[in-house]
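Asks: Structure file work_14.tsv (TSV, C-alpha atoms (C1' of nucleotides)) right here:
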```
chain	number	residue	atom	x	y	z
A	1	MET	CA	153.34	99.27	137.17
A	2	THR	CA	149.65	98.57	137.35
A	3	PHE	CA	146.59	100.08	135.74
A	4	ARG	CA	142.88	99.84	136.25
A	5	ARG	CA	141.16	98.01	133.45
A	6	ALA	CA	137.77	98.87	132.02
A	7	CYS	CA	136.06	96.02	133.83
A	8	GLY	CA	137.35	97.28	137.15
A	9	HIS	CA	140.06	94.90	138.27
A	10	VAL	CA	143.71	95.76	138.49
A	11	ALA	CA	146.31	93.90	136.44
A	12	ASP	CA	150.03	94.26	135.89
A	13	MET	CA	150.88	95.99	132.66
A	14	ASP	CA	152.95	93.67	130.56
A	15	SER	CA	155.28	94.17	127.60
A	16	VAL	CA	152.41	93.89	125.15
A	17	ASP	CA	150.37	96.52	126.99
A	18	ALA	CA	153.31	98.89	126.67
A	19	ILE	CA	153.34	98.41	122.91
A	20	LEU	CA	149.59	98.95	122.65
A	21	ALA	CA	149.87	102.14	124.68
A	22	GLN	CA	152.40	103.47	122.20
A	23	TRP	CA	150.13	102.72	119.27
A	24	ARG	CA	147.17	104.38	120.98
A	25	ARG	CA	149.22	107.53	121.31
A	26	GLU	CA	150.63	107.47	117.78
A	27	ARG	CA	147.73	106.01	115.80
A	28	PRO	CA	144.62	106.40	117.99
A	29	GLU	CA	142.27	105.41	115.17
A	30	LEU	CA	143.60	101.83	115.08
A	31	ASP	CA	141.75	99.00	116.84
A	32	VAL	CA	144.64	97.39	118.68
A	33	ALA	CA	142.76	94.81	120.75
A	34	PRO	CA	143.50	92.02	118.23
A	35	MET	CA	147.15	93.08	118.25
A	36	GLY	CA	147.26	92.51	121.99
A	37	LEU	CA	145.89	89.02	121.70
A	38	LEU	CA	148.14	88.07	118.80
A	39	GLY	CA	151.15	89.71	120.38
A	40	ARG	CA	150.78	87.68	123.58
A	41	LEU	CA	150.29	84.54	121.55
A	42	VAL	CA	153.46	85.10	119.55
A	43	ARG	CA	155.61	86.09	122.51
A	44	LEU	CA	154.35	83.22	124.65
A	45	THR	CA	154.98	80.72	121.87
A	46	THR	CA	158.51	82.04	121.43
A	47	HIS	CA	159.27	81.51	125.13
A	48	LEU	CA	157.75	78.02	125.13
A	49	ARG	CA	159.57	77.02	121.96
A	50	ARG	CA	162.91	78.02	123.46
A	51	GLU	CA	162.32	76.03	126.62
A	52	ILE	CA	161.40	72.99	124.57
A	53	GLU	CA	164.40	73.39	122.26
A	54	HIS	CA	166.65	73.57	125.29
A	55	THR	CA	165.42	70.18	126.46
A	56	LEU	CA	165.73	68.63	123.01
A	57	ALA	CA	169.25	69.99	122.60
A	58	ARG	CA	170.31	67.99	125.64
A	59	HIS	CA	169.33	64.92	123.62
A	60	GLY	CA	171.20	66.08	120.52
A	61	LEU	CA	168.05	67.05	118.65
A	62	THR	CA	166.53	70.18	117.18
A	63	ALA	CA	162.79	70.79	117.16
A	64	SER	CA	162.89	69.87	113.47
A	65	SER	CA	164.68	66.57	113.87
A	66	PHE	CA	162.56	65.74	116.91
A	67	ASP	CA	159.42	66.23	114.84
A	68	ILE	CA	160.50	63.65	112.29
A	69	LEU	CA	161.67	61.07	114.80
A	70	ALA	CA	158.55	61.54	116.94
A	71	THR	CA	156.25	61.18	113.94
A	72	LEU	CA	157.98	57.95	112.99
A	73	ARG	CA	157.89	56.66	116.57
A	74	ARG	CA	154.21	57.33	117.17
A	75	SER	CA	153.26	55.75	113.84
A	76	GLY	CA	154.12	52.43	115.51
A	77	ALA	CA	156.39	49.57	114.45
A	78	PRO	CA	158.15	49.16	112.07
A	79	TYR	CA	158.58	52.96	112.35
A	80	ARG	CA	158.58	53.65	108.63
A	81	LEU	CA	156.82	56.44	106.73
A	82	SER	CA	157.26	58.05	103.34
A	83	PRO	CA	158.44	61.68	103.12
A	84	GLY	CA	154.94	62.43	101.89
A	85	ASP	CA	153.40	60.95	105.04
A	86	LEU	CA	155.78	63.02	107.15
A	87	LEU	CA	154.87	66.11	105.14
A	88	ALA	CA	151.18	65.60	105.88
A	89	THR	CA	151.58	66.51	109.56
A	90	ALA	CA	154.68	68.68	109.59
A	91	MET	CA	153.55	72.08	108.24
A	92	VAL	CA	156.72	72.53	106.18
A	93	THR	CA	157.53	72.48	102.47
A	94	SER	CA	158.85	69.46	100.62
A	95	GLY	CA	162.28	71.04	100.30
A	96	THR	CA	162.43	71.48	104.06
A	97	MET	CA	161.39	67.88	104.58
A	98	THR	CA	164.14	66.64	102.27
A	99	ASN	CA	166.65	68.65	104.24
A	100	ARG	CA	165.36	67.37	107.59
A	101	ILE	CA	165.65	63.79	106.45
A	102	ASP	CA	169.13	64.45	105.04
A	103	GLN	CA	170.33	65.78	108.40
A	104	LEU	CA	168.93	62.81	110.32
A	105	GLU	CA	170.34	60.35	107.82
A	106	LYS	CA	173.74	62.01	108.11
A	107	ILE	CA	173.87	61.34	111.86
A	108	GLY	CA	172.48	57.84	111.50
A	109	LEU	CA	169.11	58.25	113.24
A	110	VAL	CA	167.04	57.38	110.17
A	111	GLU	CA	167.73	55.66	106.85
A	112	ARG	CA	166.08	55.91	103.49
A	113	LEU	CA	164.79	52.63	102.08
A	114	PRO	CA	163.37	52.12	98.60
A	115	ASN	CA	159.57	52.14	98.69
A	116	PRO	CA	158.50	48.71	97.38
A	117	GLU	CA	155.05	50.08	96.46
A	118	ASP	CA	156.14	53.20	94.56
A	119	GLY	CA	159.31	53.51	92.52
A	120	ARG	CA	159.23	57.31	92.76
A	121	GLY	CA	159.35	57.32	96.52
A	122	VAL	CA	161.28	56.13	99.52
A	123	LEU	CA	160.52	55.08	103.07
A	124	VAL	CA	162.15	56.83	105.98
A	125	ALA	CA	162.88	54.36	108.75
A	126	LEU	CA	164.07	54.82	112.33
A	127	THR	CA	167.40	53.08	112.93
A	128	ALA	CA	168.08	51.27	116.20
A	129	ILE	CA	169.99	54.31	117.42
A	130	GLY	CA	167.21	56.59	116.23
A	131	LEU	CA	164.62	54.62	118.17
A	132	GLU	CA	166.71	54.69	121.30
A	133	ARG	CA	167.25	58.42	120.91
A	134	ILE	CA	163.61	59.30	120.39
A	135	GLU	CA	162.38	57.17	123.28
A	136	ALA	CA	164.55	59.12	125.69
A	137	ALA	CA	163.83	62.46	124.06
A	138	VAL	CA	160.06	62.00	124.15
A	139	THR	CA	160.15	61.17	127.83
A	140	ALA	CA	162.14	64.30	128.57
A	141	HIS	CA	160.01	66.38	126.23
A	142	VAL	CA	156.78	65.38	127.94
A	143	GLU	CA	158.31	66.22	131.32
A	144	THR	CA	159.18	69.67	130.01
A	145	GLN	CA	155.68	70.15	128.65
A	146	ILE	CA	154.23	69.19	132.03
A	147	ARG	CA	156.53	71.67	133.75
A	148	LEU	CA	155.60	74.47	131.33
A	149	THR	CA	151.89	74.02	131.98
A	150	ALA	CA	152.08	72.99	135.63
A	151	GLU	CA	151.63	76.41	137.18
A	152	MET	CA	148.33	76.95	135.43
A	153	PRO	CA	145.19	75.83	137.31
A	154	GLU	CA	143.55	72.79	135.77
A	155	THR	CA	140.40	74.75	134.88
A	156	ASP	CA	142.46	77.39	133.07
A	157	ARG	CA	144.30	74.75	131.08
A	158	GLU	CA	141.06	73.19	129.97
A	159	ALA	CA	139.52	76.53	129.08
A	160	LEU	CA	142.60	77.54	127.12
A	161	ASP	CA	142.75	74.24	125.29
A	162	ALA	CA	139.09	74.57	124.28
A	163	LEU	CA	139.55	78.12	123.03
A	164	LEU	CA	142.64	77.20	121.04
A	165	ARG	CA	140.88	74.17	119.59
A	166	GLY	CA	138.06	76.34	118.33
A	167	TRP	CA	140.36	78.95	116.82
A	168	LEU	CA	142.63	76.36	115.23
A	169	ALA	CA	139.60	74.70	113.63
A	170	ARG	CA	139.17	77.77	111.42
A	171	PHE	CA	142.49	76.98	109.75
A	172	GLU	CA	142.52	73.19	109.48
B	1	MET	CA	134.97	62.27	112.64
B	2	THR	CA	133.74	62.98	116.13
B	3	PHE	CA	134.24	61.38	119.51
B	4	ARG	CA	132.61	61.63	122.89
B	5	ARG	CA	134.79	63.36	125.41
B	6	ALA	CA	135.05	62.46	129.08
B	7	CYS	CA	132.90	65.39	130.16
B	8	GLY	CA	130.11	64.23	127.91
B	9	HIS	CA	129.97	66.66	124.99
B	10	VAL	CA	130.87	65.80	121.44
B	11	ALA	CA	133.66	67.64	119.64
B	12	ASP	CA	135.37	67.25	116.29
B	13	MET	CA	138.65	65.42	116.54
B	14	ASP	CA	141.37	67.66	115.19
B	15	SER	CA	144.89	67.04	113.92
B	16	VAL	CA	146.32	67.36	117.42
B	17	ASP	CA	143.86	64.81	118.81
B	18	ALA	CA	145.03	62.36	116.16
B	19	ILE	CA	148.61	62.78	117.32
B	20	LEU	CA	147.66	62.32	120.97
B	21	ALA	CA	145.74	59.16	120.11
B	22	GLN	CA	148.87	57.72	118.52
B	23	TRP	CA	150.96	58.48	121.59
B	24	ARG	CA	148.34	56.92	123.89
B	25	ARG	CA	148.60	53.73	121.89
B	26	GLU	CA	152.39	53.68	121.68
B	27	ARG	CA	153.39	55.16	125.03
B	28	PRO	CA	150.32	54.89	127.29
B	29	GLU	CA	152.26	55.89	130.40
B	30	LEU	CA	152.87	59.43	129.10
B	31	ASP	CA	150.69	62.32	130.25
B	32	VAL	CA	149.88	63.90	126.90
B	33	ALA	CA	147.41	66.57	127.98
B	34	PRO	CA	150.09	69.29	128.02
B	35	MET	CA	151.21	68.13	124.60
B	36	GLY	CA	147.71	68.77	123.28
B	37	LEU	CA	147.63	72.30	124.60
B	38	LEU	CA	151.14	73.13	123.38
B	39	GLY	CA	150.55	71.47	120.04
B	40	ARG	CA	147.46	73.56	119.36
B	41	LEU	CA	149.31	76.66	120.40
B	42	VAL	CA	152.20	75.99	118.05
B	43	ARG	CA	150.04	74.99	115.09
B	44	LEU	CA	147.70	77.94	115.55
B	45	THR	CA	150.58	80.37	115.79
B	46	THR	CA	152.09	78.96	112.62
B	47	HIS	CA	148.85	79.53	110.70
B	48	LEU	CA	148.45	83.05	112.08
B	49	ARG	CA	152.06	83.96	111.35
B	50	ARG	CA	151.67	82.89	107.73
B	51	GLU	CA	148.54	84.94	107.23
B	52	ILE	CA	150.26	87.97	108.70
B	53	GLU	CA	153.40	87.46	106.61
B	54	HIS	CA	151.24	87.27	103.51
B	55	THR	CA	149.82	90.72	104.23
B	56	LEU	CA	153.22	92.19	105.00
B	57	ALA	CA	154.71	90.73	101.82
B	58	ARG	CA	152.19	92.76	99.82
B	59	HIS	CA	153.89	95.81	101.32
B	60	GLY	CA	157.37	94.57	100.55
B	61	LEU	CA	158.12	93.64	104.15
B	62	THR	CA	158.98	90.54	106.12
B	63	ALA	CA	157.79	90.03	109.68
B	64	SER	CA	161.34	90.88	110.73
B	65	SER	CA	161.60	94.13	108.85
B	66	PHE	CA	158.07	95.08	109.88
B	67	ASP	CA	159.03	94.64	113.52
B	68	ILE	CA	161.84	97.14	113.25
B	69	LEU	CA	159.89	99.74	111.30
B	70	ALA	CA	156.87	99.37	113.59
B	71	THR	CA	158.99	99.76	116.71
B	72	LEU	CA	160.52	102.92	115.30
B	73	ARG	CA	157.12	104.26	114.24
B	74	ARG	CA	155.38	103.70	117.54
B	75	SER	CA	158.27	105.26	119.46
B	76	GLY	CA	157.06	108.58	118.04
B	77	ALA	CA	158.84	111.38	116.18
B	78	PRO	CA	161.65	111.68	115.26
B	79	TYR	CA	161.45	107.88	114.84
B	80	ARG	CA	164.96	107.13	116.01
B	81	LEU	CA	166.13	104.38	118.35
B	82	SER	CA	169.44	102.69	119.03
B	83	PRO	CA	169.94	99.05	118.06
B	84	GLY	CA	169.98	98.35	121.78
B	85	ASP	CA	166.55	99.94	122.21
B	86	LEU	CA	165.25	97.83	119.34
B	87	LEU	CA	166.78	94.73	120.91
B	88	ALA	CA	164.94	95.34	124.15
B	89	THR	CA	161.55	94.48	122.64
B	90	ALA	CA	162.45	92.23	119.73
B	91	MET	CA	163.30	88.84	121.31
B	92	VAL	CA	166.26	88.29	118.96
B	93	THR	CA	170.03	88.28	119.37
B	94	SER	CA	172.25	91.25	118.63
B	95	GLY	CA	173.60	89.58	115.50
B	96	THR	CA	170.07	89.15	114.20
B	97	MET	CA	169.33	92.79	114.92
B	98	THR	CA	172.42	93.92	113.04
B	99	ASN	CA	171.30	91.87	110.06
B	100	ARG	CA	167.75	93.23	110.20
B	101	ILE	CA	169.00	96.79	110.23
B	102	ASP	CA	171.43	96.01	107.38
B	103	GLN	CA	168.59	94.71	105.20
B	104	LEU	CA	166.40	97.74	105.86
B	105	GLU	CA	169.27	100.12	105.27
B	106	LYS	CA	170.04	98.37	101.99
B	107	ILE	CA	166.53	99.10	100.66
B	108	GLY	CA	166.52	102.63	102.03
B	109	LEU	CA	163.80	102.32	104.68
B	110	VAL	CA	166.09	103.21	107.59
B	111	GLU	CA	169.48	104.86	107.96
B	112	ARG	CA	172.16	104.60	110.59
B	113	LEU	CA	173.16	107.90	112.16
B	114	PRO	CA	176.03	108.39	114.60
B	115	ASN	CA	174.75	108.48	118.17
B	116	PRO	CA	175.75	111.91	119.53
B	117	GLU	CA	175.51	110.61	123.10
B	118	ASP	CA	177.56	107.44	122.73
B	119	GLY	CA	180.46	106.99	120.35
B	120	ARG	CA	180.11	103.19	120.44
B	121	GLY	CA	176.60	103.26	119.17
B	122	VAL	CA	174.39	104.46	116.37
B	123	LEU	CA	170.81	105.57	115.96
B	124	VAL	CA	168.52	103.82	113.54
B	125	ALA	CA	166.18	106.32	111.92
B	126	LEU	CA	163.15	105.88	109.69
B	127	THR	CA	163.68	107.52	106.31
B	128	ALA	CA	160.84	109.38	104.58
B	129	ILE	CA	160.21	106.32	102.45
B	130	GLY	CA	160.39	104.09	105.50
B	131	LEU	CA	157.79	106.16	107.30
B	132	GLU	CA	155.47	106.08	104.32
B	133	ARG	CA	155.92	102.32	104.01
B	134	ILE	CA	155.26	101.53	107.66
B	135	GLU	CA	152.17	103.75	107.85
B	136	ALA	CA	150.53	101.77	105.08
B	137	ALA	CA	151.77	98.42	106.35
B	138	VAL	CA	150.51	98.99	109.88
B	139	THR	CA	147.07	99.89	108.61
B	140	ALA	CA	146.92	96.69	106.55
B	141	HIS	CA	148.43	94.64	109.36
B	142	VAL	CA	145.78	95.76	111.85
B	143	GLU	CA	143.06	94.92	109.34
B	144	THR	CA	144.49	91.42	108.99
B	145	GLN	CA	144.66	91.03	112.76
B	146	ILE	CA	141.02	92.08	113.04
B	147	ARG	CA	140.06	89.57	110.36
B	148	LEU	CA	142.00	86.75	112.07
B	149	THR	CA	140.20	87.32	115.36
B	150	ALA	CA	136.82	88.41	114.00
B	151	GLU	CA	135.12	85.04	114.01
B	152	MET	CA	135.71	84.57	117.70
B	153	PRO	CA	132.99	85.80	120.06
B	154	GLU	CA	134.01	88.85	122.05
B	155	THR	CA	133.81	86.96	125.34
B	156	ASP	CA	136.11	84.24	124.04
B	157	ARG	CA	138.63	86.79	122.85
B	158	GLU	CA	138.70	88.43	126.27
B	159	ALA	CA	138.97	85.10	128.06
B	160	LEU	CA	141.78	83.97	125.78
B	161	ASP	CA	143.65	87.24	126.17
B	162	ALA	CA	143.43	86.98	129.96
B	163	LEU	CA	144.67	83.40	129.99
B	164	LEU	CA	147.57	84.20	127.68
B	165	ARG	CA	148.46	87.25	129.75
B	166	GLY	CA	148.71	85.11	132.85
B	167	TRP	CA	150.80	82.43	131.21
B	168	LEU	CA	153.09	84.93	129.52
B	169	ALA	CA	153.68	86.65	132.86
B	170	ARG	CA	155.56	83.55	134.04
B	171	PHE	CA	158.21	84.21	131.41
B	172	GLU	CA	158.60	88.00	131.38
C	1	DT	C1'	195.62	110.06	134.25
C	2	DT	C1'	195.50	105.14	133.67
C	3	DC	C1'	193.78	100.90	133.04
C	4	DA	C1'	190.63	97.12	133.97
C	5	DT	C1'	186.03	96.25	133.15
C	6	DA	C1'	181.58	96.93	131.11
C	7	DT	C1'	178.82	97.99	127.23
C	8	DA	C1'	177.17	98.66	122.22
C	9	DT	C1'	177.45	96.86	118.04
C	10	DC	C1'	179.16	94.02	114.45
C	11	DT	C1'	181.27	89.65	112.27
C	12	DT	C1'	181.34	84.94	111.11
C	13	DG	C1'	179.83	80.34	110.15
C	14	DA	C1'	176.36	76.88	110.65
C	15	DC	C1'	171.59	75.81	110.13
C	16	DG	C1'	166.56	75.66	109.06
C	17	DT	C1'	163.10	77.40	106.03
C	18	DC	C1'	160.91	78.76	101.87
C	19	DG	C1'	159.55	79.12	96.87
C	20	DA	C1'	160.33	77.83	92.39
C	21	DG	C1'	161.49	74.57	89.56
C	22	DA	C1'	163.74	69.94	88.13
C	23	DT	C1'	163.53	64.91	87.82
C	24	DA	C1'	161.59	60.52	87.57
C	25	DA	C1'	157.94	57.26	88.04
C	26	DA	C1'	152.90	56.27	88.21
C	27	DT	C1'	148.39	56.71	86.22
C	28	DG	C1'	144.64	56.70	83.09
C	29	DG	C1'	142.22	57.70	78.89
C	30	DA	C1'	142.49	57.18	73.77
D	1	DT	C1'	150.35	50.53	73.84
D	2	DC	C1'	151.21	55.47	74.05
D	3	DC	C1'	151.46	59.76	75.86
D	4	DA	C1'	149.80	63.60	78.59
D	5	DT	C1'	149.12	64.52	83.23
D	6	DT	C1'	149.81	63.87	88.01
D	7	DT	C1'	152.48	62.73	91.90
D	8	DA	C1'	156.71	62.00	94.98
D	9	DT	C1'	160.82	63.70	95.96
D	10	DC	C1'	164.83	66.42	95.40
D	11	DT	C1'	167.77	70.67	94.00
D	12	DC	C1'	169.02	75.38	94.31
D	13	DG	C1'	169.53	80.03	95.90
D	14	DA	C1'	168.05	83.52	99.09
D	15	DC	C1'	167.13	84.76	103.58
D	16	DG	C1'	166.53	84.94	108.84
D	17	DT	C1'	168.34	83.23	113.11
D	18	DC	C1'	171.59	81.92	116.51
D	19	DA	C1'	175.95	81.37	119.32
D	20	DA	C1'	180.38	82.74	119.96
D	21	DG	C1'	183.54	85.92	119.61
D	22	DA	C1'	185.69	90.46	117.78
D	23	DT	C1'	186.03	95.50	117.97
D	24	DA	C1'	185.63	99.97	119.72
D	25	DT	C1'	184.13	103.17	123.09
D	26	DA	C1'	182.63	104.38	127.83
D	27	DT	C1'	183.11	104.25	132.73
D	28	DG	C1'	184.95	104.40	137.20
D	29	DA	C1'	188.25	103.39	140.77
D	30	DA	C1'	193.03	104.04	142.05
```
Represent the structure of the file as structure tokens.

Replies:
Amino acid sequence: MTFRRACGHVADMDSVDAILAQWRRERPELDVAPMGLLGRLVRLTTHLRREIEHTLARHGLTASSFDILATLRRSGAPYRLSPGDLLATAMVTSGTMTNRIDQLEKIGLVERLPNPEDGRGVLVALTAIGLERIEAAVTAHVETQIRLTAEMPETDREALDALLRGWLARFE
Amino acid sequence: MTFRRACGHVADMDSVDAILAQWRRERPELDVAPMGLLGRLVRLTTHLRREIEHTLARHGLTASSFDILATLRRSGAPYRLSPGDLLATAMVTSGTMTNRIDQLEKIGLVERLPNPEDGRGVLVALTAIGLERIEAAVTAHVETQIRLTAEMPETDREALDALLRGWLARFE
DNA sequence: TTCATATATCTTGACGTCGAGATAAATGGA
DNA sequence: TCCATTTATCTCGACGTCAAGATATATGAA
């Protein structure tokens, strides 16, 4: 199904357009343009997240555990950060972080060491197995990310990145 | 902190740029441009989702329960759909849908009716209270969506919507 | 009519997340 | 030094999600 848009070109109607059409019929006074934008953003992110989780699962990792290991890895040797450091970039609560570390410790990919500089805290360190695991997972993850963006023209990718950067800046 | 980009203009370095810089140092062979785009997308969506959930919570709803009520509402009177119909737009599994309906039924916003056309199935119907609740919640939700997109210039919003539409089309 | 297959929905158990609050150590002013 | 406050981390209970499989009804070919 196609429809002629206000600016004159023809585009396929997608699942979000169908939802907007329903709202225009039922609640015509609502301004649903923002809903379209946000709806596409949410649906797209859901698809992308699933693709990425599929790749990580082949390496025995969830998106959550990957986040921790990757943060430790990119911090550089000796691959040790406090839970508070990990919290600073992870967008989760402290309770969630504790749980994530617990799960990784349970399968031997990280270990908790006493923090010599702060008796209240600990350091989370990559184990040898954890390092090996994250090296392979990151390589595969980046390949997946390249695949997921590959069909988009270079100019579109740059434009999209710039727009997202600007919007994100209003929140961070 | 700012840095000069390859194309010559100066932009603020954001949290995603900081992550990419770490990867360039640790694993310089990786192509991290897609990671930047996907990272901004994920972080932005997380912020937006939280703002939206905050609004819905003031109406006693989660994003999940809102989805069901909104789908019923925009389907038009008599506001009845089967769980299968709800599944078709919701991007969740059938077990999740059963749970969502259970929760809404428990607080009296929907009810399950036998499906006269299919003895295996049921119809999920908005109750009077459910209709009242979703009418108010949708109004507030749209206001939040307008606020979240308001600071973006109109041309940017249209460009972003078009880019997202194109990318999403590869998945649906 | 009969039965194999398909379909609609629900059940179960494991996990990840959050919010609120608990615990323990660090910090800094009196 | 002492103690109030702050900070770092963890605990707990509730909830949403998924994957796999169970149950019950519908469908269609023989």

Asks: Using only C-alpha atoms (C1' of nucleotides), which chain C residues lie at most 10 Å away from chain B, written as a list of chain:residue names?

Replies: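 Listing them in order of chain and number gives C:DT7, C:DA8, C:DT9, C:DC10, C:DT11.
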
Asks: For Val32 (chain B), find every residue with an atom within 12 Å (counting only C-alpha atoms (C1' of nucleotides)), except residues of its own chain fewer than 3 positions away, and show them as a short mmCIF file (atom, residue, chain, number, x, y, z; two decimals) with C-alpha atoms, in the frame of the given file.

Replies:
```
data_model
loop_
_atom_site.label_atom_id
_atom_site.label_comp_id
_atom_site.auth_asym_id
_atom_site.auth_seq_id
_atom_site.Cartn_x
_atom_site.Cartn_y
_atom_site.Cartn_z
CA VAL A 138 160.06 62.00 124.15
CA THR A 139 160.15 61.17 127.83
CA HIS A 141 160.01 66.38 126.23
CA VAL A 142 156.78 65.38 127.94
CA GLU A 143 158.31 66.22 131.32
CA THR A 144 159.18 69.67 130.01
CA GLN A 145 155.68 70.15 128.65
CA ILE A 146 154.23 69.19 132.03
CA THR A 149 151.89 74.02 131.98
CA VAL B 16 146.32 67.36 117.42
CA ASP B 17 143.86 64.81 118.81
CA ALA B 18 145.03 62.36 116.16
CA ILE B 19 148.61 62.78 117.32
CA LEU B 20 147.66 62.32 120.97
CA ALA B 21 145.74 59.16 120.11
CA GLN B 22 148.87 57.72 118.52
CA TRP B 23 150.96 58.48 121.59
CA ARG B 24 148.34 56.92 123.89
CA ARG B 25 148.60 53.73 121.89
CA GLU B 26 152.39 53.68 121.68
CA ARG B 27 153.39 55.16 125.03
CA PRO B 28 150.32 54.89 127.29
CA GLU B 29 152.26 55.89 130.40
CA MET B 35 151.21 68.13 124.60
CA GLY B 36 147.71 68.77 123.28
CA LEU B 37 147.63 72.30 124.60
CA LEU B 38 151.14 73.13 123.38
CA GLY B 39 150.55 71.47 120.04
#
```

Asks: For CA of Leu131 (chain B) and CA of Asp85 (chain B), determine how far apart the two atoms are, in Å to one decimal place.

Replies: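 It comes out at 18.4 Å.
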
Asks: Just the residues within 9 Å of Thr71 (chain B), please, counting all atoms listed in the file, with nothing from its chain fewer than 5 positions along; format it as an NGL selection string.

Replies: (:A and (19)) or (:B and (66 or 79 or 81 or 86 or 89-90))

Asks: May I ask which of the residues B:Leu104, B:Val92, B:Leu61, B:Leu148 is the closest one to Leu48 (chain B), counting only C-alpha atoms?

Replies: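 Answer, going by the shortest atom-to-atom distance: B:Leu148.
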
Asks: Export region 72-91 of chain B of the preceding structure, keeping N, CA and C atoms, as a JSON list (two decimals), in the first residue's frame.

Replies:
```
[["chain", "number", "residue", "atom", "x", "y", "z"],
["B", 72, "LEU", "N", -6.34, -0.94, 21.89],
["B", 72, "LEU", "CA", -7.79, -1.15, 21.94],
["B", 72, "LEU", "C", -8.52, 0.15, 21.59],
["B", 73, "ARG", "N", -8.06, 1.25, 22.17],
["B", 73, "ARG", "CA", -8.75, 2.53, 21.96],
["B", 73, "ARG", "C", -8.72, 2.96, 20.50],
["B", 74, "ARG", "N", -7.56, 2.84, 19.87],
["B", 74, "ARG", "CA", -7.47, 3.34, 18.50],
["B", 74, "ARG", "C", -8.09, 2.38, 17.49],
["B", 75, "SER", "N", -8.43, 1.16, 17.94],
["B", 75, "SER", "CA", -9.14, 0.25, 17.04],
["B", 75, "SER", "C", -10.59, 0.69, 16.84],
["B", 76, "GLY", "N", -11.05, 1.62, 17.68],
["B", 76, "GLY", "CA", -12.42, 2.12, 17.54],
["B", 76, "GLY", "C", -13.43, 1.28, 18.31],
["B", 77, "ALA", "N", -14.63, 1.87, 18.53],
["B", 77, "ALA", "CA", -15.69, 1.17, 19.24],
["B", 77, "ALA", "C", -15.97, -0.14, 18.53],
["B", 78, "PRO", "N", -16.30, -1.22, 19.25],
["B", 78, "PRO", "CA", -16.53, -1.28, 20.70],
["B", 78, "PRO", "C", -15.27, -1.58, 21.52],
["B", 79, "TYR", "N", -14.10, -1.27, 20.98],
["B", 79, "TYR", "CA", -12.84, -1.39, 21.72],
["B", 79, "TYR", "C", -12.57, -2.83, 22.18],
["B", 80, "ARG", "N", -12.68, -3.73, 21.23],
["B", 80, "ARG", "CA", -12.46, -5.15, 21.51],
["B", 80, "ARG", "C", -11.54, -5.75, 20.47],
["B", 81, "LEU", "N", -10.49, -6.43, 20.92],
["B", 81, "LEU", "CA", -9.59, -7.15, 20.02],
["B", 81, "LEU", "C", -9.20, -8.47, 20.67],
["B", 82, "SER", "N", -8.83, -9.43, 19.85],
["B", 82, "SER", "CA", -8.33, -10.69, 20.41],
["B", 82, "SER", "C", -6.88, -10.50, 20.85],
["B", 83, "PRO", "N", -6.40, -11.35, 21.74],
["B", 83, "PRO", "CA", -4.98, -11.32, 22.09],
["B", 83, "PRO", "C", -4.10, -11.44, 20.84],
["B", 84, "GLY", "N", -4.54, -12.21, 19.89],
["B", 84, "GLY", "CA", -3.76, -12.35, 18.66],
["B", 84, "GLY", "C", -3.67, -11.04, 17.90],
["B", 85, "ASP", "N", -4.79, -10.30, 17.83],
["B", 85, "ASP", "CA", -4.75, -8.98, 17.19],
["B", 85, "ASP", "C", -3.76, -8.07, 17.92],
["B", 86, "LEU", "N", -3.82, -8.10, 19.23],
["B", 86, "LEU", "CA", -2.92, -7.25, 20.02],
["B", 86, "LEU", "C", -1.46, -7.64, 19.78],
["B", 87, "LEU", "N", -1.23, -8.95, 19.67],
["B", 87, "LEU", "CA", 0.12, -9.45, 19.41],
["B", 87, "LEU", "C", 0.69, -8.92, 18.09],
["B", 88, "ALA", "N", -0.20, -8.74, 17.12],
["B", 88, "ALA", "CA", 0.27, -8.40, 15.78],
["B", 88, "ALA", "C", 1.00, -7.06, 15.73],
["B", 89, "THR", "N", 0.71, -6.16, 16.65],
["B", 89, "THR", "CA", 1.39, -4.86, 16.62],
["B", 89, "THR", "C", 2.35, -4.65, 17.77],
["B", 90, "ALA", "N", 2.38, -5.58, 18.73],
["B", 90, "ALA", "CA", 3.03, -5.25, 20.00],
["B", 90, "ALA", "C", 4.51, -5.63, 20.09],
["B", 91, "MET", "N", 5.05, -6.42, 19.20],
["B", 91, "MET", "CA", 6.46, -6.83, 19.27],
["B", 91, "MET", "C", 6.81, -7.52, 20.58]]
```
